[in-house]
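Structure file target13.cif; described as mmCIF, C-alpha atoms.
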data_my_file
#
loop_
_atom_site.label_atom_id
_atom_site.label_comp_id
_atom_site.auth_asym_id
_atom_site.auth_seq_id
_atom_site.Cartn_x
_atom_site.Cartn_y
_atom_site.Cartn_z
CA MET A 1 -20.09 -44.34 -36.59
CA LEU A 2 -23.87 -44.33 -36.50
CA SER A 3 -23.85 -41.18 -34.40
CA ASP A 4 -21.47 -39.41 -36.78
CA THR A 5 -23.61 -40.38 -39.79
CA ALA A 6 -26.76 -39.06 -38.19
CA THR A 7 -25.03 -35.78 -37.43
CA ASP A 8 -23.81 -35.39 -41.00
CA THR A 9 -27.27 -36.10 -42.38
CA ASP A 10 -29.20 -33.82 -40.03
CA GLY A 11 -26.87 -30.82 -40.35
CA PRO A 12 -27.75 -29.74 -43.92
CA ARG A 13 -31.43 -30.45 -43.32
CA ASP A 14 -31.55 -28.00 -40.39
CA SER A 15 -29.62 -25.44 -42.44
CA GLY A 16 -32.14 -25.72 -45.27
CA ARG A 17 -35.05 -25.22 -42.93
CA GLY A 18 -33.36 -22.21 -41.39
CA GLY A 19 -32.75 -20.70 -44.82
CA ARG A 20 -36.36 -21.20 -45.86
CA ARG A 21 -37.46 -19.64 -42.59
CA VAL A 22 -35.32 -16.57 -43.26
CA TRP A 23 -36.69 -16.21 -46.80
CA ALA A 24 -40.23 -16.60 -45.49
CA GLU A 25 -39.61 -13.84 -42.96
CA VAL A 26 -38.12 -11.61 -45.64
CA LEU A 27 -41.13 -12.25 -47.89
CA VAL A 28 -43.56 -11.47 -45.08
CA TRP A 29 -41.64 -8.26 -44.33
CA ILE A 30 -41.72 -7.23 -48.01
CA ILE A 31 -45.45 -7.92 -48.26
CA GLY A 32 -46.10 -6.09 -45.00
CA PHE A 33 -44.02 -3.13 -46.13
CA ALA A 34 -45.84 -2.99 -49.50
CA VAL A 35 -49.26 -3.19 -47.84
CA GLY A 36 -48.26 -0.58 -45.26
CA LEU A 37 -46.93 1.74 -47.96
CA PHE A 38 -50.12 1.34 -50.00
CA VAL A 39 -52.41 1.92 -47.04
CA GLY A 40 -50.31 4.84 -45.79
CA THR A 41 -50.22 6.52 -49.20
CA SER A 42 -53.94 5.94 -49.68
CA LEU A 43 -54.61 7.45 -46.29
CA LEU A 44 -52.58 10.59 -47.04
CA PHE A 45 -54.50 10.94 -50.32
CA ALA A 46 -57.80 10.46 -48.49
CA LEU A 47 -56.93 13.04 -45.83
CA PHE A 48 -56.10 15.61 -48.53
CA VAL A 49 -59.41 14.87 -50.26
CA THR A 50 -61.35 15.15 -47.00
CA GLY A 51 -59.65 18.41 -46.09
CA SER A 52 -60.49 19.82 -49.52
CA ARG A 53 -64.10 18.66 -49.13
CA LEU A 54 -64.38 20.43 -45.78
CA TRP A 55 -62.78 23.63 -47.05
CA THR A 56 -62.22 23.97 -50.78
CA PRO A 57 -59.56 26.40 -52.04
CA GLY A 58 -60.66 28.77 -54.76
CA ARG A 59 -58.60 27.02 -57.42
CA GLY A 60 -55.98 24.39 -58.03
CA TRP A 61 -55.72 20.79 -56.94
CA GLY A 62 -57.90 21.39 -53.90
CA VAL A 63 -60.91 21.87 -56.19
CA GLY A 64 -60.03 18.68 -58.05
CA ALA A 65 -59.53 16.77 -54.79
CA ALA A 66 -62.87 17.90 -53.37
CA SER A 67 -64.58 16.92 -56.62
CA ILE A 68 -63.53 13.28 -56.19
CA ALA A 69 -64.54 13.05 -52.51
CA PRO A 70 -66.41 9.71 -52.88
CA VAL A 71 -63.17 8.07 -54.08
CA ALA A 72 -61.66 8.56 -50.60
CA LEU A 73 -64.23 6.28 -48.95
CA PRO A 74 -62.50 2.98 -49.90
CA CYS A 75 -59.20 4.41 -48.57
CA TYR A 76 -60.72 4.92 -45.13
CA VAL A 77 -62.27 1.47 -45.20
CA ALA A 78 -58.81 0.04 -46.03
CA ALA A 79 -57.32 1.93 -43.07
CA LEU A 80 -60.08 0.58 -40.83
CA VAL A 81 -59.39 -3.01 -41.94
CA ALA A 82 -55.63 -2.50 -41.51
CA GLY A 83 -56.19 -1.20 -37.98
CA ILE A 84 -58.25 -4.26 -37.08
CA VAL A 85 -55.61 -6.63 -38.48
CA LEU A 86 -52.74 -4.87 -36.69
CA ARG A 87 -54.41 -4.29 -33.33
CA ALA A 88 -52.88 -7.43 -31.72
CA GLY A 89 -49.25 -6.90 -32.69
CA ALA A 90 -48.77 -3.18 -33.41
CA ARG A 91 -51.10 -1.11 -31.27
CA ALA A 92 -49.05 2.06 -31.76
CA VAL A 93 -49.98 1.90 -35.45
CA ALA A 94 -53.34 0.15 -35.17
CA VAL A 95 -55.07 2.65 -32.86
CA PRO A 96 -54.50 5.74 -35.09
CA MET A 97 -55.49 3.64 -38.14
CA LEU A 98 -58.74 2.60 -36.44
CA VAL A 99 -59.60 6.12 -35.30
CA ILE A 100 -58.89 7.70 -38.70
CA GLY A 101 -60.62 4.84 -40.51
CA VAL A 102 -63.79 5.10 -38.39
CA VAL A 103 -64.02 8.90 -38.55
CA GLY A 104 -63.20 9.10 -42.27
CA THR A 105 -65.60 6.31 -43.20
CA ALA A 106 -68.44 7.82 -41.17
CA LEU A 107 -67.85 11.31 -42.57
CA HIS A 108 -67.78 10.23 -46.21
CA LEU A 109 -70.78 7.95 -45.79
CA ALA A 110 -72.69 10.91 -44.37
CA TRP A 111 -71.77 12.89 -47.49
CA VAL A 112 -72.49 10.24 -50.11
CA LEU A 113 -75.48 8.25 -48.75
CA PRO A 114 -78.08 11.04 -49.29
CA SER A 115 -77.40 10.71 -53.02
CA PHE A 116 -78.85 7.21 -52.86
CA THR A 117 -81.93 8.04 -50.81
CA GLY A 118 -83.65 10.75 -52.85
CA GLY A 119 -86.16 10.27 -55.61
CA ALA A 120 -89.17 12.15 -56.94
CA HIS A 121 -92.28 10.84 -58.64
CA GLY A 122 -94.51 12.34 -61.24
CA VAL A 123 -95.13 12.60 -64.94
CA VAL A 124 -91.97 13.61 -66.81
CA ALA A 125 -92.59 17.05 -68.30
CA VAL A 126 -89.12 18.07 -69.51
CA ARG A 127 -86.07 16.07 -70.58
CA VAL A 128 -82.72 17.83 -70.58
CA MET A 129 -79.52 16.54 -72.16
CA GLU A 130 -76.07 18.05 -71.50
CA ALA A 131 -72.75 17.10 -73.07
CA ASN A 132 -69.22 18.46 -73.32
CA LEU A 133 -67.96 17.71 -76.84
CA HIS A 134 -64.20 18.01 -76.09
CA TYR A 135 -63.24 20.66 -78.68
CA GLY A 136 -65.81 19.22 -81.07
CA GLU A 137 -64.17 15.78 -81.14
CA ALA A 138 -67.22 13.91 -79.80
CA ASP A 139 -68.97 11.63 -82.29
CA PRO A 140 -71.83 13.81 -83.66
CA ASP A 141 -73.79 10.76 -84.80
CA GLU A 142 -73.83 9.44 -81.22
CA ILE A 143 -74.86 12.85 -79.89
CA ALA A 144 -77.74 13.07 -82.35
CA ALA A 145 -78.79 9.47 -81.68
CA LEU A 146 -78.80 10.02 -77.91
CA ALA A 147 -80.90 13.17 -78.28
CA VAL A 148 -83.49 11.16 -80.21
CA ARG A 149 -83.30 8.07 -77.97
CA SER A 150 -83.63 10.08 -74.75
CA ARG A 151 -86.40 12.23 -76.27
CA ALA A 152 -84.57 15.32 -75.02
CA ASP A 153 -86.58 18.53 -75.18
CA ILE A 154 -83.54 20.70 -74.47
CA VAL A 155 -79.91 19.95 -75.39
CA VAL A 156 -77.04 21.98 -73.96
CA LEU A 157 -73.71 21.42 -75.69
CA THR A 158 -70.38 22.87 -74.60
CA GLU A 159 -67.09 22.99 -76.54
CA LEU A 160 -69.18 22.90 -79.72
CA THR A 161 -67.14 23.83 -82.80
CA PRO A 162 -68.52 25.17 -86.11
CA ALA A 163 -67.71 21.86 -87.86
CA GLU A 164 -69.57 19.81 -85.24
CA PHE A 165 -72.42 22.30 -85.31
CA ALA A 166 -72.78 21.88 -89.08
CA ARG A 167 -72.67 18.09 -88.78
CA LEU A 168 -75.42 18.07 -86.15
CA LYS A 169 -77.54 20.28 -88.39
CA SER A 170 -77.12 17.79 -91.22
CA LEU A 171 -78.28 15.03 -88.87
CA GLY A 172 -81.61 16.73 -88.27
CA PHE A 173 -80.97 18.93 -85.23
CA ALA A 174 -82.50 21.93 -87.00
CA GLU A 175 -85.78 20.08 -87.53
CA ARG A 176 -85.92 18.48 -84.12
CA TYR A 177 -84.86 21.66 -82.29
CA PRO A 178 -86.22 24.71 -84.12
CA TYR A 179 -84.99 27.10 -81.42
CA GLU A 180 -81.36 27.69 -80.50
CA VAL A 181 -79.24 30.29 -78.74
CA GLY A 182 -75.49 30.62 -78.38
CA ARG A 183 -72.68 30.26 -80.88
CA PRO A 184 -70.26 27.48 -81.77
CA GLN A 185 -66.60 28.49 -81.43
CA PRO A 186 -63.33 27.02 -82.72
CA VAL A 187 -62.10 26.90 -79.10
CA ARG A 188 -63.59 25.80 -75.76
CA ALA A 189 -66.04 28.70 -75.55
CA GLY A 190 -68.69 27.24 -77.89
CA THR A 191 -71.83 26.87 -75.73
CA VAL A 192 -75.16 26.37 -77.51
CA VAL A 193 -78.71 25.57 -76.35
CA PHE A 194 -81.06 23.65 -78.65
CA SER A 195 -84.74 23.55 -77.71
CA ARG A 196 -88.09 22.21 -78.84
CA PHE A 197 -89.70 25.08 -76.94
CA ALA A 198 -89.47 28.73 -77.90
CA LEU A 199 -86.67 30.72 -76.23
CA SER A 200 -87.00 34.37 -75.29
CA ASP A 201 -85.42 37.06 -73.12
CA VAL A 202 -81.99 35.77 -74.12
CA ARG A 203 -79.00 37.18 -72.23
CA THR A 204 -75.28 36.49 -72.49
CA LEU A 205 -73.47 35.97 -69.17
CA PRO A 206 -69.77 36.80 -68.54
CA ILE A 207 -68.71 33.17 -67.98
CA SER A 208 -65.23 32.11 -69.15
CA ARG A 209 -66.31 29.49 -71.68
CA GLY A 210 -69.82 30.61 -72.41
CA GLY A 211 -72.91 31.55 -70.43
CA ILE A 212 -76.47 32.00 -71.70
CA ALA A 213 -79.78 32.72 -69.95
CA ALA A 214 -83.17 32.36 -71.63
CA MET A 215 -86.83 31.95 -70.79
CA VAL A 216 -88.13 28.57 -72.01
CA ALA A 217 -91.76 28.48 -73.16
CA ALA A 218 -92.38 24.95 -71.89
CA PRO A 219 -95.91 24.01 -70.69
CA THR A 220 -94.61 25.26 -67.33
CA PRO A 221 -92.21 28.07 -68.32
CA PHE A 222 -88.84 28.30 -66.61
CA THR A 223 -85.58 30.20 -66.88
CA LEU A 224 -82.69 28.19 -68.28
CA VAL A 225 -79.08 29.13 -67.62
CA ALA A 226 -76.46 27.24 -69.64
CA ALA A 227 -72.84 27.65 -68.61
CA HIS A 228 -69.34 26.26 -69.04
CA ALA A 229 -67.10 27.35 -66.18
CA GLY A 230 -63.35 27.80 -66.49
CA GLN A 231 -60.70 25.24 -65.53
CA PRO A 232 -59.98 25.38 -61.78
CA PHE A 233 -56.41 24.11 -62.18
CA TYR A 234 -55.24 27.29 -63.92
CA PRO A 235 -55.61 30.69 -62.20
CA GLY A 236 -56.16 32.59 -65.44
CA TYR A 237 -59.25 30.57 -66.37
CA GLY A 238 -61.42 32.20 -63.71
CA TRP A 239 -63.25 29.19 -62.27
CA ARG A 240 -63.91 30.80 -58.89
CA ASP A 241 -65.16 34.02 -60.50
CA ASP A 242 -67.43 32.04 -62.84
CA ILE A 243 -69.03 30.13 -59.98
CA THR A 244 -69.47 33.32 -57.96
CA ARG A 245 -71.13 35.11 -60.90
CA LEU A 246 -73.44 32.17 -61.54
CA GLY A 247 -74.51 32.04 -57.89
CA ARG A 248 -75.28 35.75 -57.80
CA PHE A 249 -77.17 35.63 -61.09
CA MET A 250 -79.26 32.60 -60.09
CA ALA A 251 -80.17 34.40 -56.86
CA THR A 252 -81.77 37.22 -58.90
CA LEU A 253 -84.15 34.87 -60.72
CA HIS A 254 -87.68 34.06 -59.63
CA GLY A 255 -89.98 31.18 -60.42
CA ALA A 256 -88.90 27.88 -61.93
CA ARG A 257 -85.24 27.93 -62.97
CA MET A 258 -82.50 25.60 -64.04
CA LEU A 259 -78.71 25.74 -64.36
CA VAL A 260 -77.20 23.30 -66.86
CA GLY A 261 -73.64 22.75 -68.00
CA ASP A 262 -70.07 21.70 -67.35
CA LEU A 263 -69.14 23.47 -64.12
CA ASN A 264 -65.73 21.73 -63.88
CA ALA A 265 -66.31 20.70 -60.26
CA SER A 266 -68.64 18.49 -58.25
CA MET A 267 -71.15 19.38 -55.56
CA ASP A 268 -68.53 18.30 -53.01
CA THR A 269 -66.76 21.64 -53.50
CA SER A 270 -67.81 24.34 -51.06
CA GLN A 271 -68.18 26.84 -53.93
CA LEU A 272 -70.82 24.78 -55.76
CA ARG A 273 -72.66 24.10 -52.53
CA SER A 274 -72.72 27.87 -51.95
CA LEU A 275 -73.93 28.46 -55.49
CA ALA A 276 -76.77 25.98 -55.00
CA HIS A 277 -77.72 27.52 -51.65
CA GLU A 278 -77.58 31.07 -52.99
CA GLY A 279 -79.65 30.23 -56.06
CA GLY A 280 -82.14 27.96 -54.28
CA LEU A 281 -81.06 24.98 -56.39
CA THR A 282 -80.69 21.23 -55.96
CA ASP A 283 -78.47 18.90 -57.97
CA ALA A 284 -80.69 16.64 -60.09
CA ALA A 285 -78.61 13.48 -59.64
CA ARG A 286 -78.74 13.84 -55.85
CA SER A 287 -82.44 14.69 -55.62
CA ALA A 288 -83.32 11.81 -57.98
CA GLY A 289 -81.45 9.32 -55.78
CA SER A 290 -79.13 8.37 -58.62
CA GLY A 291 -76.21 7.78 -56.24
CA TRP A 292 -72.67 8.67 -57.15
CA GLN A 293 -72.89 9.34 -60.88
CA PRO A 294 -69.56 10.62 -62.25
CA THR A 295 -69.54 12.35 -65.63
CA TRP A 296 -65.75 12.49 -65.97
CA PRO A 297 -63.90 10.81 -67.53
CA GLY A 298 -66.00 9.33 -70.30
CA ALA A 299 -64.99 7.22 -73.28
CA SER A 300 -61.64 9.01 -73.35
CA GLY A 301 -59.57 10.46 -70.53
CA PRO A 302 -57.22 9.00 -67.89
CA VAL A 303 -57.23 5.20 -68.14
CA LEU A 304 -57.05 4.63 -64.37
CA TRP A 305 -60.15 6.66 -63.63
CA ARG A 306 -62.03 5.08 -66.53
CA ALA A 307 -61.15 1.64 -65.18
CA LEU A 308 -62.53 2.64 -61.77
CA GLY A 309 -65.81 3.76 -63.35
CA GLY A 310 -65.22 7.50 -63.18
CA ALA A 311 -63.85 10.09 -60.81
CA ALA A 312 -66.03 13.21 -60.61
CA ALA A 313 -69.55 14.44 -61.30
CA ILE A 314 -68.66 17.78 -62.89
CA ASP A 315 -71.55 18.09 -65.38
CA HIS A 316 -74.78 19.26 -63.78
CA VAL A 317 -78.43 20.03 -64.01
CA LEU A 318 -79.39 22.12 -60.97
CA THR A 319 -83.05 22.96 -60.49
CA SER A 320 -85.29 25.02 -58.23
CA ASP A 321 -88.02 23.36 -56.17
CA ALA A 322 -90.60 23.82 -58.93
CA LEU A 323 -88.81 21.19 -61.02
CA ALA A 324 -88.26 17.73 -59.53
CA ALA A 325 -85.71 15.31 -60.98
CA VAL A 326 -87.37 11.93 -61.54
CA SER A 327 -84.24 10.21 -62.87
CA THR A 328 -80.81 10.93 -64.31
CA SER A 329 -78.52 8.87 -66.55
CA THR A 330 -75.06 9.21 -68.05
CA TYR A 331 -73.84 7.93 -71.42
CA ARG A 332 -70.41 7.45 -72.94
CA ILE A 333 -69.84 9.24 -76.23
CA HIS A 334 -66.79 8.37 -78.31
CA GLY A 335 -64.29 11.20 -78.74
CA THR A 336 -65.03 13.11 -75.55
CA ASP A 337 -63.65 12.81 -72.03
CA HIS A 338 -67.05 13.61 -70.51
CA ARG A 339 -70.17 11.50 -70.27
CA ALA A 340 -73.41 12.97 -71.56
CA LEU A 341 -75.98 13.63 -68.84
CA VAL A 342 -79.74 13.17 -69.36
CA VAL A 343 -82.20 14.39 -66.72
CA ARG A 344 -85.95 13.73 -66.65
CA LEU A 345 -87.91 16.34 -64.74
CA ALA A 346 -91.46 16.60 -63.43
CA VAL A 347 -93.26 19.76 -62.42
CA ARG A 348 -94.15 19.86 -58.73
#

Written as structure tokens, how would this file's structure read?
Amino acid sequence: MLSDTATDTDGPRDSGRGGRRVWAEVLVWIIGFAVGLFVGTSLLFALFVTGSRLWTPGRGWGVGAASIAPVALPCYVAALVAGIVLRAGARAVAVPMLVIGVVGTALHLAWVLPSFTGGAHGVVAVRVMEANLHYGEADPDEIAALAVRSRADIVVLTELTPAEFARLKSLGFAERYPYEVGRPQPVRAGTVVFSRFALSDVRTLPISRGGIAAMVAAPTPFTLVAAHAGQPFYPGYGWRDDITRLGRFMATLHGARMLVGDLNASMDTSQLRSLAHEGGLTDAARSAGSGWQPTWPGASGPVLWRALGGAAAIDHVLTSDALAAVSTSTYRIHGTDHRALVVRLAVR
């Protein structure tokens, strides 16, 4: 009797333990599958980004992928960690993960670390502010306030509409910046330069959304080129042609020179690196040691990228050796999907 009772009591208990064990195994499998899927997907994304960084297509998603190259670094670190965790039980998966993780991490660190190690010193001689106004939807009061607060000598605005132009004038832009070139437009092509210094030798460049060149009569004169390149995602917008034209034009200039504007791609694209090399230019954020400083998205734009702190540095101030970037900063402006960029420059 006692033996029978013990058997009846122990039977369900063992069954319950076995059931919990099965559910635990199922849960572990689900978690492992989810983690593996996440790491695998992230790795495919990272490989596409790296490939685009190494060789950037002339248009399309490859340009966009190359422009967010720093975002791939955490993906390779995740693959490296996953390889370390799996090395004891799944070597067939762990070894490729480790190799790809190590190579990808090293490669992207080599690309991004120089942005943190630059830095120039000297008395700030020129302050430049650049902002894309998103079809004129950016808050003009914030734009005007930032121009005053940053003590900008030159302001380059793209996607400036006639209504926004008039509002900025009413806020004192005409008094603060007595010189201006370019025209506001009701579409994306409104590119205008405002300056405290006199502007001369003004030329219009055949750039999709506006291109202007002018000599700036600063204490140390320099040539300013303001440009808004086309959208690389759409063939008809001529992004590759715009970048090629800008590179060739910058190569014809002599003396101190500067290229400012929304180029719709980061310096991680091979085309912008070629432009900089051809024109003898350096990106201000990189040379100032500002680190990874994305300008897109800003106060508006894709929520995911905003939550991550930004995706791409597509607004630029590129300078020749005569002008050294002391520091750069970005600012969110309500109404636009870009951050305003302010660069403080010294004369070498």

query = So which residues touch A:Ser195 within 7 Å, counting all atoms listed in the file, skipping near sequence neighbours fewer than 4 positions away, as a list of chain:residue names?
reply = A:Asp153, A:Ile154, A:Val155, A:Tyr177, A:Pro178, A:Tyr179, A:Glu180

inquiry  = Can you pull out the residues contacting A:Phe233? Cut-off 9 Å, using only C-alpha atoms, and skip same-chain residues under 3 positions away; I want them as a list of chain:residue names.
reply    =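 Returned residues: A:Arg59, A:Gly60, A:Trp61, A:Gly62, A:Val63, A:Gly64, A:Gly230, A:Tyr237, A:Trp239.
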
inquiry  = Selection in question (the file shown): the PyMOL selection byres ((chain A and resi 113-119) around 6). Which residues does it include, as a PyMOL selection string?
reply    = chain A and resi 109-110+112+120+286-291

Once 3 Å is added on each side, what centre and edge lengths in Å to one decimal does the axis-aligned box around all listed atoms of stretch 137-145 of chain A have, as JSON?
{"center_x": -71.5, "center_y": 12.6, "center_z": -82.3, "size_x": 20.6, "size_y": 12.3, "size_z": 11.0}

key: Chain and number of each residue from the PyMOL selection byres ((chain A and resi 321) around 9), as a PyMOL selection string   = chain A and resi 256-257+280-282+319-320+322-324+347-348

Kindly reconstruct stretch 299-313 of chain A with N, CA and C atoms and present the result as an mmCIF file, in the coordinates of the input.
data_model
loop_
_atom_site.group_PDB
_atom_site.id
_atom_site.type_symbol
_atom_site.label_atom_id
_atom_site.label_comp_id
_atom_site.auth_asym_id
_atom_site.auth_seq_id
_atom_site.Cartn_x
_atom_site.Cartn_y
_atom_site.Cartn_z
ATOM 1 N N ALA A 299 -65.595 8.229 -72.411
ATOM 2 C CA ALA A 299 -64.990 7.220 -73.280
ATOM 3 C C ALA A 299 -63.503 7.453 -73.467
ATOM 4 N N SER A 300 -63.066 8.693 -73.337
ATOM 5 C CA SER A 300 -61.640 9.010 -73.350
ATOM 6 C C SER A 300 -61.298 9.711 -72.053
ATOM 7 N N GLY A 301 -60.006 9.889 -71.800
ATOM 8 C CA GLY A 301 -59.570 10.460 -70.530
ATOM 9 C C GLY A 301 -58.640 9.499 -69.828
ATOM 10 N N PRO A 302 -58.179 9.839 -68.611
ATOM 11 C CA PRO A 302 -57.220 9.000 -67.890
ATOM 12 C C PRO A 302 -57.714 7.552 -67.744
ATOM 13 N N VAL A 303 -56.856 6.612 -68.124
ATOM 14 C CA VAL A 303 -57.230 5.200 -68.140
ATOM 15 C C VAL A 303 -57.592 4.701 -66.747
ATOM 16 N N LEU A 304 -56.809 5.104 -65.732
ATOM 17 C CA LEU A 304 -57.050 4.630 -64.370
ATOM 18 C C LEU A 304 -58.452 4.984 -63.901
ATOM 19 N N TRP A 305 -58.829 6.242 -64.087
ATOM 20 C CA TRP A 305 -60.150 6.660 -63.630
ATOM 21 C C TRP A 305 -61.254 6.009 -64.435
ATOM 22 N N ARG A 306 -61.025 5.785 -65.728
ATOM 23 C CA ARG A 306 -62.030 5.080 -66.530
ATOM 24 C C ARG A 306 -62.214 3.656 -66.028
ATOM 25 N N ALA A 307 -61.084 3.011 -65.679
ATOM 26 C CA ALA A 307 -61.150 1.640 -65.180
ATOM 27 C C ALA A 307 -61.919 1.554 -63.862
ATOM 28 N N LEU A 308 -61.838 2.604 -63.049
ATOM 29 C CA LEU A 308 -62.530 2.640 -61.770
ATOM 30 C C LEU A 308 -63.989 3.081 -61.895
ATOM 31 N N GLY A 309 -64.414 3.383 -63.127
ATOM 32 C CA GLY A 309 -65.810 3.760 -63.350
ATOM 33 C C GLY A 309 -66.079 5.243 -63.314
ATOM 34 N N GLY A 310 -65.042 6.055 -63.206
ATOM 35 C CA GLY A 310 -65.220 7.500 -63.180
ATOM 36 C C GLY A 310 -64.630 8.102 -61.926
ATOM 37 N N ALA A 311 -64.493 9.410 -61.935
ATOM 38 C CA ALA A 311 -63.850 10.090 -60.810
ATOM 39 C C ALA A 311 -64.693 11.229 -60.248
ATOM 40 N N ALA A 312 -65.364 12.002 -61.105
ATOM 41 C CA ALA A 312 -66.030 13.210 -60.610
ATOM 42 C C ALA A 312 -67.302 13.524 -61.391
ATOM 43 N N ALA A 313 -68.305 13.991 -60.666
ATOM 44 C CA ALA A 313 -69.550 14.440 -61.300
ATOM 45 C C ALA A 313 -69.453 15.940 -61.510
#
